[in-house]
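Below is input_10.cif, which holds mmCIF, C-alpha atoms.
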```cif
data_work
#
loop_
_atom_site.group_PDB
_atom_site.id
_atom_site.type_symbol
_atom_site.label_atom_id
_atom_site.label_comp_id
_atom_site.auth_asym_id
_atom_site.auth_seq_id
_atom_site.Cartn_x
_atom_site.Cartn_y
_atom_site.Cartn_z
ATOM 1 C CA MET A 1 0.000 0.000 0.000
ATOM 2 C CA LEU A 2 2.873 2.319 0.844
ATOM 3 C CA SER A 3 4.531 1.697 -2.482
ATOM 4 C CA SER A 4 1.262 2.491 -4.280
ATOM 5 C CA LEU A 5 1.085 5.798 -2.372
ATOM 6 C CA ASN A 6 4.651 6.455 -3.358
ATOM 7 C CA ILE A 7 3.859 5.696 -6.996
ATOM 8 C CA LEU A 8 0.863 7.996 -6.802
ATOM 9 C CA ALA A 9 3.031 10.750 -5.382
ATOM 10 C CA VAL A 10 5.646 10.313 -8.107
ATOM 11 C CA ALA A 11 2.938 10.220 -10.770
ATOM 12 C CA ALA A 12 1.359 13.294 -9.251
ATOM 13 C CA VAL A 13 4.622 15.181 -9.388
ATOM 14 C CA GLU A 14 5.044 14.240 -13.038
ATOM 15 C CA ASN A 15 1.505 15.116 -13.900
ATOM 16 C CA GLY A 16 0.904 18.755 -13.033
ATOM 17 C CA GLU A 17 -2.849 18.671 -12.552
ATOM 18 C CA ALA A 18 -2.970 15.530 -10.473
ATOM 19 C CA ALA A 19 0.056 16.634 -8.495
ATOM 20 C CA SER A 20 -1.750 19.481 -6.865
ATOM 21 C CA GLY A 21 -4.703 17.175 -5.876
ATOM 22 C CA VAL A 22 -2.609 14.302 -4.471
ATOM 23 C CA THR A 23 -0.153 16.641 -2.775
ATOM 24 C CA LYS A 24 -3.071 18.502 -1.260
ATOM 25 C CA ILE A 25 -4.519 15.221 0.052
ATOM 26 C CA PHE A 26 -1.127 14.246 1.556
ATOM 27 C CA GLN A 27 -0.788 17.671 3.113
ATOM 28 C CA ASP A 28 -4.390 17.637 4.421
ATOM 29 C CA PHE A 29 -3.814 14.296 6.176
ATOM 30 C CA GLY A 30 -0.283 15.213 7.293
ATOM 31 C CA VAL A 31 1.345 12.382 5.323
ATOM 32 C CA SER A 32 5.032 12.792 4.684
ATOM 33 C CA VAL A 33 6.363 10.023 2.440
ATOM 34 C CA PRO A 34 10.016 10.339 3.610
ATOM 35 C CA ASN A 35 8.898 10.146 7.260
ATOM 36 C CA ILE A 36 6.746 7.090 6.571
ATOM 37 C CA LEU A 37 9.586 5.354 4.727
ATOM 38 C CA ALA A 38 11.997 6.138 7.587
ATOM 39 C CA GLN A 39 9.505 4.764 10.152
ATOM 40 C CA VAL A 40 8.948 1.566 8.148
ATOM 41 C CA LEU A 41 12.702 1.078 7.810
ATOM 42 C CA SER A 42 13.261 1.727 11.563
ATOM 43 C CA PHE A 43 10.444 -0.650 12.528
ATOM 44 C CA SER A 44 11.837 -3.352 10.230
ATOM 45 C CA ILE A 45 15.309 -3.045 11.760
ATOM 46 C CA VAL A 46 13.955 -3.154 15.331
ATOM 47 C CA ALA A 47 11.706 -6.134 14.512
ATOM 48 C CA PHE A 48 14.644 -8.014 12.931
ATOM 49 C CA VAL A 49 16.973 -7.294 15.871
ATOM 50 C CA LEU A 50 14.316 -8.338 18.418
ATOM 51 C CA TYR A 51 13.551 -11.545 16.556
ATOM 52 C CA ARG A 52 17.201 -12.425 16.057
ATOM 53 C CA PHE A 53 18.580 -11.568 19.494
ATOM 54 C CA ALA A 54 15.573 -11.733 21.842
ATOM 55 C CA PHE A 55 12.704 -13.945 20.669
ATOM 56 C CA LYS A 56 14.718 -16.681 18.995
ATOM 57 C CA PRO A 57 17.016 -17.435 22.009
ATOM 58 C CA VAL A 58 14.042 -17.320 24.390
ATOM 59 C CA LEU A 59 12.088 -19.747 22.220
ATOM 60 C CA LEU A 60 15.094 -22.084 22.015
ATOM 61 C CA THR A 61 15.507 -21.973 25.805
ATOM 62 C CA LEU A 62 11.827 -22.728 26.337
ATOM 63 C CA GLU A 63 11.981 -25.702 23.970
ATOM 64 C CA ASP A 64 15.108 -27.022 25.691
ATOM 65 C CA ARG A 65 13.429 -26.801 29.109
ATOM 66 C CA ARG A 66 10.290 -28.476 27.800
ATOM 67 C CA GLN A 67 12.397 -31.373 26.522
ATOM 68 C CA LYS A 68 14.261 -31.673 29.844
ATOM 69 C CA ILE A 69 10.993 -31.727 31.769
ATOM 70 C CA ALA A 70 9.533 -34.350 29.428
ATOM 71 C CA SER A 71 12.690 -36.439 29.850
ATOM 72 C CA GLY A 72 12.489 -36.138 33.636
ATOM 73 C CA LEU A 73 8.837 -37.164 33.670
ATOM 74 C CA SER A 74 9.478 -40.186 31.473
ATOM 75 C CA TYR A 75 12.377 -41.192 33.741
ATOM 76 C CA ALA A 76 10.121 -40.839 36.801
ATOM 77 C CA ASP A 77 7.494 -43.042 35.130
ATOM 78 C CA GLU A 78 10.180 -45.592 34.313
ATOM 79 C CA MET A 79 11.381 -45.633 37.914
ATOM 80 C CA LYS A 80 7.807 -45.959 39.164
ATOM 81 C CA ALA A 81 7.306 -49.012 36.938
ATOM 82 C CA LYS A 82 10.558 -50.526 38.218
ATOM 83 C CA LEU A 83 9.504 -49.870 41.799
ATOM 84 C CA GLU A 84 6.161 -51.571 41.214
ATOM 85 C CA ALA A 85 7.951 -54.545 39.625
ATOM 86 C CA ALA A 86 10.266 -54.784 42.650
ATOM 87 C CA ALA A 87 7.261 -54.683 44.995
ATOM 88 C CA GLN A 88 5.557 -57.474 43.046
ATOM 89 C CA GLU A 89 8.742 -59.531 43.092
ATOM 90 C CA SER A 90 9.127 -59.133 46.849
ATOM 91 C CA ALA A 91 5.471 -60.129 47.347
ATOM 92 C CA GLN A 92 6.070 -63.235 45.210
ATOM 93 C CA ILE A 93 9.137 -64.177 47.241
ATOM 94 C CA ILE A 94 7.199 -63.773 50.471
ATOM 95 C CA ARG A 95 4.367 -65.930 49.096
ATOM 96 C CA GLN A 96 6.879 -68.584 48.040
ATOM 97 C CA ALA A 97 8.501 -68.518 51.471
ATOM 98 C CA GLN A 98 5.078 -68.962 53.077
ATOM 99 C CA LEU A 99 4.318 -71.885 50.752
ATOM 100 C CA ASP A 100 7.659 -73.458 51.610
ATOM 101 C CA ALA A 101 6.987 -72.980 55.306
ATOM 102 C CA GLN A 102 3.536 -74.521 54.938
ATOM 103 C CA LYS A 103 4.986 -77.431 52.994
ATOM 104 C CA SER A 104 7.565 -77.989 55.725
ATOM 105 C CA ILE A 105 4.849 -77.946 58.397
ATOM 106 C CA ASP A 106 2.742 -80.456 56.456
ATOM 107 C CA GLU A 107 5.706 -82.820 56.099
ATOM 108 C CA ALA A 108 6.471 -82.551 59.789
ATOM 109 C CA ARG A 109 2.849 -83.388 60.685
ATOM 110 C CA LYS A 110 2.820 -86.375 58.366
ATOM 111 C CA ALA A 111 6.034 -87.721 59.865
ATOM 112 C CA ALA A 112 4.648 -87.226 63.352
ATOM 113 C CA LYS A 113 1.574 -89.375 62.574
ATOM 114 C CA GLU A 114 3.686 -92.256 61.221
ATOM 115 C CA PHE A 115 5.783 -92.517 64.322
ATOM 116 C CA GLY A 116 4.205 -93.414 67.583
ATOM 117 C CA ASP A 117 3.239 -91.320 70.545
ATOM 118 C CA LYS A 118 6.838 -90.993 71.591
ATOM 119 C CA GLN A 119 8.093 -89.858 68.216
ATOM 120 C CA GLN A 120 4.994 -87.758 67.667
ATOM 121 C CA ALA A 121 6.212 -85.393 70.402
ATOM 122 C CA GLU A 122 9.621 -85.166 68.693
ATOM 123 C CA ALA A 123 8.013 -84.507 65.307
ATOM 124 C CA LEU A 124 5.828 -81.768 66.758
ATOM 125 C CA GLN A 125 8.936 -80.237 68.305
ATOM 126 C CA ARG A 126 10.736 -80.338 64.950
ATOM 127 C CA ALA A 127 7.716 -78.837 63.221
ATOM 128 C CA ALA A 128 7.636 -76.025 65.763
ATOM 129 C CA ASP A 129 11.375 -75.449 65.213
ATOM 130 C CA ILE A 130 10.943 -75.457 61.447
ATOM 131 C CA LEU A 131 8.018 -73.063 61.738
ATOM 132 C CA ALA A 132 10.041 -70.756 63.971
ATOM 133 C CA LYS A 133 12.987 -70.900 61.579
ATOM 134 C CA ALA A 134 10.741 -70.352 58.585
ATOM 135 C CA GLN A 135 9.074 -67.445 60.357
ATOM 136 C CA GLN A 136 12.474 -66.002 61.237
ATOM 137 C CA ALA A 137 13.643 -66.552 57.669
ATOM 138 C CA ILE A 138 10.513 -64.855 56.375
ATOM 139 C CA GLU A 139 11.001 -61.986 58.789
ATOM 140 C CA LEU A 140 14.684 -61.675 57.917
ATOM 141 C CA GLU A 141 13.948 -61.875 54.192
ATOM 142 C CA HIS A 142 11.151 -59.356 54.582
ATOM 143 C CA LYS A 143 13.373 -56.984 56.563
ATOM 144 C CA LYS A 144 16.163 -57.427 54.036
ATOM 145 C CA MET A 145 13.809 -56.757 51.114
ATOM 146 C CA VAL A 146 12.263 -53.734 52.823
ATOM 147 C CA THR A 147 15.741 -52.385 53.564
ATOM 148 C CA GLU A 148 16.857 -52.995 49.977
ATOM 149 C CA ALA A 149 13.659 -51.454 48.640
ATOM 150 C CA ARG A 150 14.100 -48.408 50.891
ATOM 151 C CA THR A 151 17.705 -48.017 49.807
ATOM 152 C CA GLU A 152 16.755 -48.392 46.135
ATOM 153 C CA ILE A 153 13.831 -45.989 46.496
ATOM 154 C CA ALA A 154 16.044 -43.475 48.256
ATOM 155 C CA ARG A 155 18.660 -43.843 45.507
ATOM 156 C CA LEU A 156 15.994 -43.436 42.836
ATOM 157 C CA VAL A 157 14.569 -40.376 44.608
ATOM 158 C CA VAL A 158 18.031 -38.827 44.765
ATOM 159 C CA ALA A 159 18.767 -39.722 41.134
ATOM 160 C CA THR A 160 15.409 -38.308 40.018
ATOM 161 C CA THR A 161 15.974 -35.199 42.113
ATOM 162 C CA GLU A 162 19.411 -34.773 40.541
ATOM 163 C CA ARG A 163 17.932 -35.042 37.059
ATOM 164 C CA VAL A 164 15.040 -32.701 37.788
ATOM 165 C CA LEU A 165 17.285 -30.170 39.460
ATOM 166 C CA ALA A 166 19.908 -30.782 36.704
ATOM 167 C CA ARG A 167 22.796 -30.566 39.156
ATOM 168 C CA LYS A 168 25.048 -32.913 41.049
ATOM 169 C CA LEU A 169 24.441 -33.390 44.772
ATOM 170 C CA THR A 170 27.271 -33.527 47.272
ATOM 171 C CA ASP A 171 27.780 -36.631 49.367
ATOM 172 C CA ALA A 172 26.334 -34.797 52.364
ATOM 173 C CA ASP A 173 23.211 -33.821 50.387
ATOM 174 C CA ARG A 174 22.839 -37.354 49.041
ATOM 175 C CA THR A 175 23.189 -38.849 52.545
ATOM 176 C CA SER A 176 20.686 -36.372 53.946
ATOM 177 C CA TYR A 177 18.155 -37.149 51.206
ATOM 178 C CA ASN A 178 18.683 -40.899 51.618
ATOM 179 C CA GLU A 179 18.127 -40.712 55.379
ATOM 180 C CA THR A 180 15.032 -38.537 54.967
ATOM 181 C CA ALA A 181 13.587 -40.868 52.319
ATOM 182 C CA ALA A 182 14.357 -43.938 54.469
ATOM 183 C CA LYS A 183 12.664 -42.360 57.508
ATOM 184 C CA GLU A 184 9.582 -41.511 55.485
ATOM 185 C CA LEU A 185 9.455 -45.005 54.012
ATOM 186 C CA ALA A 186 9.850 -46.496 57.487
ATOM 187 C CA SER A 187 6.895 -44.458 58.699
ATOM 188 C CA LEU A 188 4.745 -45.948 55.940
#
```
Do you think you could lay out the structure here as structure tokens?
Amino acid sequence: MLSSLNILAVAAVENGEAASGVTKIFQDFGVSVPNILAQVLSFSIVAFVLYRFAFKPVLLTLEDRRQKIASGLSYADEMKAKLEAAAQESAQIIRQAQLDAQKSIDEARKAAKEFGDKQQAEALQRAADILAKAQQAIELEHKKMVTEARTEIARLVVATTERVLARKLTDADRTSYNETAAKELASL
């Protein structure tokens, strides 16, 4: 549109009769073609500089942060799935230990019936010992698994925190986070 006004102005200058009409219109509306061209040129330069040195780096930074956040969330989901798998595995081990303990108790009872009254007392004693040992083994295995799970969860929390915060933790920070996570898990 500006170039058409410019062409009209040039044509008006060349054509004497039209020149007075177009020039009068420009003067009536306060239009100064050199000022308009200077403003368009200034605006174009400012827009280019802003796009090149302000908007483009900001947009790149925003995209980079979006990708880091998406990566962190996918890692957290991955760790959650691993944690659930570990919980299922520990539940399966506990169930197997209970089945083994039950099997041992059944065998002890069967052996006690085959022997007489005298040996029945011994078999019951053995069954009680096996049950106690199995219970202790279950408790020890459970405590060991809970401790391992707490340690792994604490490590995963620290690793996830490091990734989200995008910085390395000191040993003191890591120990503090591990202890805090272990205390919170123990309270559950």
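We find CA of Ile69 in chain A and CA of Arg163 in chain A to be spaced 9.3 Å apart.
Picked out by the PyMOL selection byres ((chain A and resi 170-176) around 12) when it runs on this file: Thr151, Ala154, Arg155, Leu156, Val157, Val158, Ala159, Thr160, Thr161, Glu162, Arg167, Lys168, Leu169, Tyr177, Asn178, Glu179, Thr180, Ala181, Ala182 and Lys183 of chain A.
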Which of A:Ser90, A:Ser104, A:Thr61, A:Gln136 sits closest to Glu148 in chain A [using only C-alpha atoms]: A:Ser90
Glu107 in chain A environment, 12 Å, all atoms listed in the file, sequence neighbours closer than 6 positions dropped, as a list in words: Asp100, Ala101, Lys113, Glu114, Ala123, Leu124, Arg126, Ala127, Ala128, Ile130 and Leu131 of chain A
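Of note, CA of Gln92 in chain A and CA of His142 in chain A are spaced 11.3 Å apart.
Taking CA of Ala186 in chain A and CA of Ile153 in chain A as the two end points, the separation is 11.7 Å.
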Explicit residue set for the PyMOL selection byres ((chain A and resi 145) around 10), as a VMD selection string: chain A and resid 86 to 87 89 to 91 93 to 94 139 to 144 146 to 151
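With only C-alpha atoms as the atoms that count, the residue of A:Leu185, A:Val22, A:Ala108, A:Ala54 with the shortest distance to Glu152 in chain A is A:Leu185.
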Taking the file above as input, evaluate the PyMOL selection byres ((chain A and resi 72) around 10) and report the hits as a PDB file with C-alpha atoms, in the frame of the given file.
```
ATOM      1  CA  ARG A  66      10.290 -28.476  27.800  1.00  0.00           C
ATOM      2  CA  GLN A  67      12.397 -31.373  26.522  1.00  0.00           C
ATOM      3  CA  LYS A  68      14.261 -31.673  29.844  1.00  0.00           C
ATOM      4  CA  ILE A  69      10.993 -31.727  31.769  1.00  0.00           C
ATOM      5  CA  ALA A  70       9.533 -34.350  29.428  1.00  0.00           C
ATOM      6  CA  SER A  71      12.690 -36.439  29.850  1.00  0.00           C
ATOM      7  CA  LEU A  73       8.837 -37.164  33.670  1.00  0.00           C
ATOM      8  CA  SER A  74       9.478 -40.186  31.473  1.00  0.00           C
ATOM      9  CA  TYR A  75      12.377 -41.192  33.741  1.00  0.00           C
ATOM     10  CA  ALA A  76      10.121 -40.839  36.801  1.00  0.00           C
ATOM     11  CA  ASP A  77       7.494 -43.042  35.130  1.00  0.00           C
ATOM     12  CA  GLU A  78      10.180 -45.592  34.313  1.00  0.00           C
ATOM     13  CA  THR A 160      15.409 -38.308  40.018  1.00  0.00           C
ATOM     14  CA  THR A 161      15.974 -35.199  42.113  1.00  0.00           C
ATOM     15  CA  GLU A 162      19.411 -34.773  40.541  1.00  0.00           C
ATOM     16  CA  ARG A 163      17.932 -35.042  37.059  1.00  0.00           C
ATOM     17  CA  VAL A 164      15.040 -32.701  37.788  1.00  0.00           C
ATOM     18  CA  LEU A 165      17.285 -30.170  39.460  1.00  0.00           C
ATOM     19  CA  ALA A 166      19.908 -30.782  36.704  1.00  0.00           C
TER      20      ALA A 166
END
```
